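Asks: Below is a structure I'd like to ask you about.
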Amino acid sequence: MKLHMWGTRGSLPRAIDHKTFVNLVDKYAKDAEKAGLSTISEFRNAIRDGDLSTPLVYGGNTTCNEIHHKNSRIFVDMGTGFADASSEVMAQGRTEFHIFLTHLHWDHIMGMPFFVPLYIPGTKITIYHVHPHAPEYVRIQFNGINFPVKWAKLGASIEFKQIKPYVPISFDGLTITPFSLDHPGGSFGYRFDAEGCSLAIGVDGEYKRFTRSDLDRDLPFYQNLDVLVFDGQYEMDELASRYDWGHCSPPIGVELALREGIRNIIMTHHDPRASEDKERSMLTEAIDYRSTKLAGYKAIWQDLKQPEGPNILLAYDGMEFDLKKLTIRDQLK
Ligand SMILES: [Zn+2]
Ligand SMILES: [Zn+2]
């Protein structure tokens with residue numbers, strides 16, 4: 001099973017303006033000087049090979065994840081990253097798509113009108129949703145006012161299938177089960193299980209229910225898990241002033257990962273206002289948090305033969321994670 005992250009910003013896409021770009025180039029040039037690089041070609045190679053900093057920028061597109069397993073490729077959400085997936089799926093000649101919706105906030109559906117296969121007759125798209133009114137609120141984007149093309153004019157055949165939380169469905173040996181997240185209006189995560197590999201998408205979620213008893217029916221979705229994609233939008237200091245906004249913070253994800261033995265945690269749904277420096281400092285904060293808390297969960301991690309605790313990663317657009325090769329380590333050395 002593989003995860004490809006097409007969109008990793010939350011709430012709003014994030015464009016990089018001129019000043020930010022100049023500051024980023026300046027920062028990486030300074031890093032290159034510090035690393036002893038002295039020629040432009042050394043700098044170019046270091047940028048390309050990821051020697052200076054990986055990634056160079058964190059997400060710009062809003063949420064869209066794709067899970068690959070055998071012949072199945074399944075999208076979760078249709079943020080602006082979904083529009084970017086168009087050229088790849090067109091090049092592959094794919095004509096059938098399965099899309100699972102976590103919820104209907106705009107940042108999770110706004111890429112749909114720009115997904116080119118929508119306009120190609122013969123394309124078959126199935127949209128799975130837990131929210132009962134999802135078809136109405138997906139279609140509303142194609143009312144001819146918010147976007148010029150009306151729903152009836154789309155070339156693809158599009159079917160909606162309502163699914164129930166905690167009831168699994170299967171594709172090609174891949175089992176997908178929706179579970180509940182804490183988010184205004186309700187949001188549903190998805191756990192994917194296949195051939196002993198497991199991945200859960202826990203976005204958008206505030207994780208107000210955190211103890212095992214509060215998580216209740218949702219607890220098993222975090223247990224015996226290889227990878228959790230977690231809503232790490234805010235710093236811990238910001239959470240109090242953003243109560244009920246529906247998003248969480250990396251150290252809370254790390255605590256959950258430590259407690260439940262989640263081997264890899266990927267922070268995503270980055271705040272659209274967060275700079276690369278801020279994202280890196282949030283990653284450092286999460287790694288420091290793990291260091292201070294790991295001793296309390298030592299037995300779990302020794303049993304898992306991963307005594308250093310969960311790997312902690314920050315998502316970026318274009319990130320791929322192969323669950324058969326769980327050798328990635330924290331991005332900060
Ligand atoms: Zn969102
Ligand atoms: Zn949301």
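For the structure tokens, the naming scheme is as follows: chains receive sequential letters (A, B, ...) according to their order of presentation, residues are indexed from 1 within each chain, and ligands are indexed from 1 in presentation order.
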Can you pull out every residue within 6 Å of range 56-68 of chain A, counting only C-alpha atoms, but drop anything in the same chain fewer than 4 positions away, and send it as number ranges by chain?
Replies: A: 1-10, 13-14, 72-82, 107-108, 316-317
Asks: Take the residues from that selection and put them in a file with C-alpha atoms, as a PDB file, in the first residue's frame.
Replies:
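The result, written out as out14.pdb:
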ATOM      1  CA  MET A   1       0.000   0.000   0.000  1.00  0.00           C
ATOM      2  CA  LYS A   2       1.230   3.479  -0.879  1.00  0.00           C
ATOM      3  CA  LEU A   3       0.088   6.946   0.112  1.00  0.00           C
ATOM      4  CA  HIS A   4       0.493   9.896  -2.251  1.00  0.00           C
ATOM      5  CA  MET A   5      -0.305  13.315  -0.805  1.00  0.00           C
ATOM      6  CA  TRP A   6      -1.524  15.742  -3.468  1.00  0.00           C
ATOM      7  CA  GLY A   7      -2.617  18.502  -1.116  1.00  0.00           C
ATOM      8  CA  THR A   8      -1.397  19.157   2.417  1.00  0.00           C
ATOM      9  CA  ARG A   9      -2.503  22.701   3.335  1.00  0.00           C
ATOM     10  CA  GLY A  10      -5.643  23.194   5.336  1.00  0.00           C
ATOM     11  CA  PRO A  13      -4.546  27.013  -0.631  1.00  0.00           C
ATOM     12  CA  ARG A  14      -1.286  28.775   0.041  1.00  0.00           C
ATOM     13  CA  SER A  72      -7.003   0.167  -6.780  1.00  0.00           C
ATOM     14  CA  ARG A  73      -6.232   3.856  -6.481  1.00  0.00           C
ATOM     15  CA  ILE A  74      -8.514   5.664  -4.136  1.00  0.00           C
ATOM     16  CA  PHE A  75      -8.743   9.372  -3.483  1.00  0.00           C
ATOM     17  CA  VAL A  76      -9.697  10.837  -0.140  1.00  0.00           C
ATOM     18  CA  ASP A  77     -11.090  14.358  -0.596  1.00  0.00           C
ATOM     19  CA  MET A  78     -11.042  16.720  -3.541  1.00  0.00           C
ATOM     20  CA  GLY A  79      -9.176  19.826  -2.358  1.00  0.00           C
ATOM     21  CA  THR A  80      -7.075  21.745  -4.875  1.00  0.00           C
ATOM     22  CA  GLY A  81      -4.551  18.881  -4.847  1.00  0.00           C
ATOM     23  CA  PHE A  82      -7.188  16.853  -6.703  1.00  0.00           C
ATOM     24  CA  ASP A 107     -11.139  23.134   1.192  1.00  0.00           C
ATOM     25  CA  HIS A 108     -12.005  19.434   0.719  1.00  0.00           C
ATOM     26  CA  TYR A 316       4.234  18.182   1.738  1.00  0.00           C
ATOM     27  CA  ASP A 317       2.537  18.209  -1.653  1.00  0.00           C
TER      28      ASP A 317
END
Asks: Can you tell me, as a VMD selection string, which residues in range 127-269 of chain A count as alpha helix (DSSP H) by DSSP?
Replies: chain A and resid 134 to 139 212 to 215 236 to 239 250 to 260
Asks: Per DSSP on the backbone, filter range 31-275 of chain A down to the residues in strand (DSSP E or B) and report them as JSON, numbers by chain.
Replies: {"A": [62, 64, 65, 66, 67, 68, 69, 72, 73, 74, 75, 76, 96, 97, 98, 99, 100, 124, 125, 126, 127, 128, 129, 143, 150, 157, 158, 159, 160, 161, 162, 169, 170, 171, 174, 175, 176, 177, 178, 179, 180, 181, 187, 188, 189, 190, 191, 192, 193, 194, 197, 198, 199, 200, 201, 202, 227, 228, 229, 230, 231, 264, 265, 266, 267, 268, 270]}
Asks: So that I can check the surroundings of Ile252 in chain A, please list as a ChimeraX atom specification every protein, DNA and RNA residue that reaches within 9 Å of it, counting only C-alpha atoms and ignoring chain neighbours fewer than 6 positions away.
Replies: /A:207,210,232,236,286
Asks: Dump C-alpha atoms for the selected residues as a short mmCIF file (atom, residue, chain, number, x, y, z; two decimals), in the first residue's frame?
Replies:
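Everything below was put into result.cif:
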data_model
loop_
_atom_site.label_atom_id
_atom_site.label_comp_id
_atom_site.auth_asym_id
_atom_site.auth_seq_id
_atom_site.Cartn_x
_atom_site.Cartn_y
_atom_site.Cartn_z
CA TYR A 207 -9.30 15.31 18.89
CA PHE A 210 -8.62 11.83 23.41
CA GLY A 232 -1.49 19.13 12.95
CA MET A 236 -0.07 23.98 21.01
CA ALA A 286 6.73 17.46 18.16
#
Asks: If we count only C-alpha atoms and set the cut-off at 12 Å, which residues sit around range 299-311 of chain A, ignoring sequence neighbours fewer than 6 positions away in its own chain? Please answer as an mmCIF file with N, CA and C atoms, in the first residue's frame.
Replies:
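That gives us result-v9.cif:
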data_model
loop_
_atom_site.group_PDB
_atom_site.id
_atom_site.type_symbol
_atom_site.label_atom_id
_atom_site.label_comp_id
_atom_site.auth_asym_id
_atom_site.auth_seq_id
_atom_site.Cartn_x
_atom_site.Cartn_y
_atom_site.Cartn_z
ATOM 1 N N GLN A 223 -5.350 1.774 16.623
ATOM 2 C CA GLN A 223 -4.523 0.728 17.237
ATOM 3 C C GLN A 223 -3.935 -0.205 16.180
ATOM 4 N N ASN A 224 -2.742 -0.679 16.483
ATOM 5 C CA ASN A 224 -2.014 -1.546 15.544
ATOM 6 C C ASN A 224 -1.955 -0.909 14.158
ATOM 7 N N LEU A 225 -1.489 0.327 14.139
ATOM 8 C CA LEU A 225 -1.544 1.151 12.933
ATOM 9 C C LEU A 225 -0.123 1.498 12.476
ATOM 10 N N ASP A 226 0.131 1.332 11.184
ATOM 11 C CA ASP A 226 1.451 1.684 10.647
ATOM 12 C C ASP A 226 1.590 3.195 10.463
ATOM 13 N N VAL A 227 0.560 3.811 9.889
ATOM 14 C CA VAL A 227 0.672 5.244 9.559
ATOM 15 C C VAL A 227 -0.623 5.967 9.916
ATOM 16 N N LEU A 228 -0.481 7.077 10.630
ATOM 17 C CA LEU A 228 -1.633 7.959 10.872
ATOM 18 C C LEU A 228 -1.347 9.307 10.219
ATOM 19 N N VAL A 229 -2.266 9.723 9.359
ATOM 20 C CA VAL A 229 -2.201 11.072 8.779
ATOM 21 C C VAL A 229 -3.029 11.950 9.710
ATOM 22 N N PRO A 251 1.918 17.858 18.908
ATOM 23 C CA PRO A 251 2.225 17.091 20.123
ATOM 24 C C PRO A 251 1.068 16.190 20.577
ATOM 25 N N GLY A 253 -0.964 14.604 18.560
ATOM 26 C CA GLY A 253 -0.829 13.430 17.697
ATOM 27 C C GLY A 253 0.296 12.527 18.163
ATOM 28 N N VAL A 254 1.400 13.135 18.612
ATOM 29 C CA VAL A 254 2.546 12.345 19.088
ATOM 30 C C VAL A 254 2.151 11.561 20.343
ATOM 31 N N GLU A 255 1.414 12.215 21.232
ATOM 32 C CA GLU A 255 0.955 11.523 22.460
ATOM 33 C C GLU A 255 0.070 10.317 22.088
ATOM 34 N N LEU A 256 -0.827 10.538 21.127
ATOM 35 C CA LEU A 256 -1.711 9.442 20.676
ATOM 36 C C LEU A 256 -0.872 8.311 20.065
ATOM 37 N N ALA A 257 0.106 8.687 19.250
ATOM 38 C CA ALA A 257 0.967 7.689 18.596
ATOM 39 C C ALA A 257 1.771 6.911 19.632
ATOM 40 N N LEU A 258 2.327 7.618 20.627
ATOM 41 C CA LEU A 258 3.104 6.944 21.676
ATOM 42 C C LEU A 258 2.227 5.953 22.435
ATOM 43 N N ARG A 259 1.030 6.403 22.779
ATOM 44 C CA ARG A 259 0.140 5.581 23.620
ATOM 45 C C ARG A 259 -0.393 4.365 22.880
ATOM 46 N N GLU A 260 -0.722 4.552 21.584
ATOM 47 C CA GLU A 260 -1.374 3.465 20.843
ATOM 48 C C GLU A 260 -0.389 2.679 19.959
ATOM 49 N N GLY A 261 0.878 3.037 19.992
ATOM 50 C CA GLY A 261 1.861 2.293 19.198
ATOM 51 C C GLY A 261 1.729 2.537 17.709
ATOM 52 N N ILE A 262 1.408 3.779 17.320
ATOM 53 C CA ILE A 262 1.297 4.127 15.896
ATOM 54 C C ILE A 262 2.719 4.398 15.379
ATOM 55 N N ARG A 263 3.168 3.599 14.422
ATOM 56 C CA ARG A 263 4.592 3.597 14.086
ATOM 57 C C ARG A 263 5.070 4.844 13.327
ATOM 58 N N ASN A 264 4.179 5.460 12.561
ATOM 59 C CA ASN A 264 4.550 6.667 11.799
ATOM 60 C C ASN A 264 3.394 7.641 11.878
ATOM 61 N N ILE A 265 3.708 8.898 12.131
ATOM 62 C CA ILE A 265 2.633 9.901 12.141
ATOM 63 C C ILE A 265 3.035 11.038 11.197
ATOM 64 N N ILE A 266 2.119 11.351 10.286
ATOM 65 C CA ILE A 266 2.390 12.397 9.290
ATOM 66 C C ILE A 266 1.461 13.569 9.586
ATOM 67 N N MET A 267 2.059 14.720 9.898
ATOM 68 C CA MET A 267 1.267 15.912 10.207
ATOM 69 C C MET A 267 0.886 16.607 8.914
ATOM 70 N N LEU A 283 7.601 20.915 13.837
ATOM 71 C CA LEU A 283 8.149 19.558 13.779
ATOM 72 C C LEU A 283 9.142 19.351 14.931
ATOM 73 N N ALA A 286 7.304 18.815 18.084
ATOM 74 C CA ALA A 286 6.730 17.460 18.164
ATOM 75 C C ALA A 286 7.809 16.434 18.519
ATOM 76 N N ILE A 287 9.002 16.588 17.930
ATOM 77 C CA ILE A 287 10.101 15.647 18.207
ATOM 78 C C ILE A 287 10.566 15.797 19.665
ATOM 79 N N ASP A 288 10.643 17.056 20.126
ATOM 80 C CA ASP A 288 11.020 17.292 21.532
ATOM 81 C C ASP A 288 9.985 16.680 22.470
ATOM 82 N N TYR A 289 8.717 16.809 22.087
ATOM 83 C CA TYR A 289 7.649 16.245 22.911
ATOM 84 C C TYR A 289 7.827 14.731 23.029
ATOM 85 N N ARG A 290 8.129 14.098 21.902
ATOM 86 C CA ARG A 290 8.353 12.650 21.917
ATOM 87 C C ARG A 290 9.499 12.302 22.877
ATOM 88 N N SER A 291 10.583 13.084 22.812
ATOM 89 C CA SER A 291 11.746 12.794 23.681
ATOM 90 C C SER A 291 11.370 12.853 25.151
ATOM 91 N N THR A 292 10.520 13.832 25.514
ATOM 92 C CA THR A 292 10.201 13.960 26.942
ATOM 93 C C THR A 292 9.223 12.882 27.400
ATOM 94 N N LYS A 293 8.434 12.332 26.487
ATOM 95 C CA LYS A 293 7.381 11.389 26.891
ATOM 96 C C LYS A 293 7.698 9.917 26.615
ATOM 97 N N LEU A 326 8.963 0.864 5.466
ATOM 98 C CA LEU A 326 8.813 1.779 6.599
ATOM 99 C C LEU A 326 10.171 2.128 7.202
ATOM 100 N N THR A 327 10.985 2.774 6.387
ATOM 101 C CA THR A 327 12.336 3.091 6.870
ATOM 102 C C THR A 327 12.552 4.591 6.989
ATOM 103 N N ILE A 328 11.515 5.367 6.681
ATOM 104 C CA ILE A 328 11.660 6.820 6.746
ATOM 105 C C ILE A 328 11.898 7.234 8.202
ATOM 106 N N ARG A 329 12.726 8.205 8.406
ATOM 107 C CA ARG A 329 12.951 8.729 9.737
ATOM 108 C C ARG A 329 12.539 10.188 9.767
ATOM 109 N N ASP A 330 12.442 10.752 10.952
ATOM 110 C CA ASP A 330 12.065 12.160 11.087
ATOM 111 C C ASP A 330 12.815 13.013 10.073
ATOM 112 N N GLN A 331 12.121 14.042 9.544
ATOM 113 C CA GLN A 331 12.780 14.865 8.533
ATOM 114 C C GLN A 331 13.888 15.740 9.110
ATOM 115 N N LEU A 332 13.809 16.062 10.406
ATOM 116 C CA LEU A 332 14.878 16.850 11.006
ATOM 117 C C LEU A 332 15.888 15.882 11.594
ATOM 118 N N LYS A 333 17.152 16.140 11.322
ATOM 119 C CA LYS A 333 18.174 15.222 11.825
ATOM 120 C C LYS A 333 18.436 15.547 13.300
#
Asks: Could you pull out the residues sitting within 10 Å of ligand 2, using only C-alpha atoms and all ligand atoms, and write them as number ranges by chain?
Replies: A: 10-11, 63, 102-108, 182-187, 203-206, 245-247, 269
Asks: Separation of CA of Asp214 in chain A and CA of Leu239 in chain A, in Å?
Replies: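 Spanning CA of Asp214 in chain A to CA of Leu239 in chain A is a straight-line distance of 19.4 Å.
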Asks: Which residues come within 9 Å of range 141-146 of chain A, counting only C-alpha atoms, excluding same-chain residues fewer than 3 positions away, as an MDAnalysis selection string?
Replies: chainID A and resid 109:110 112:113 137:138 149:152
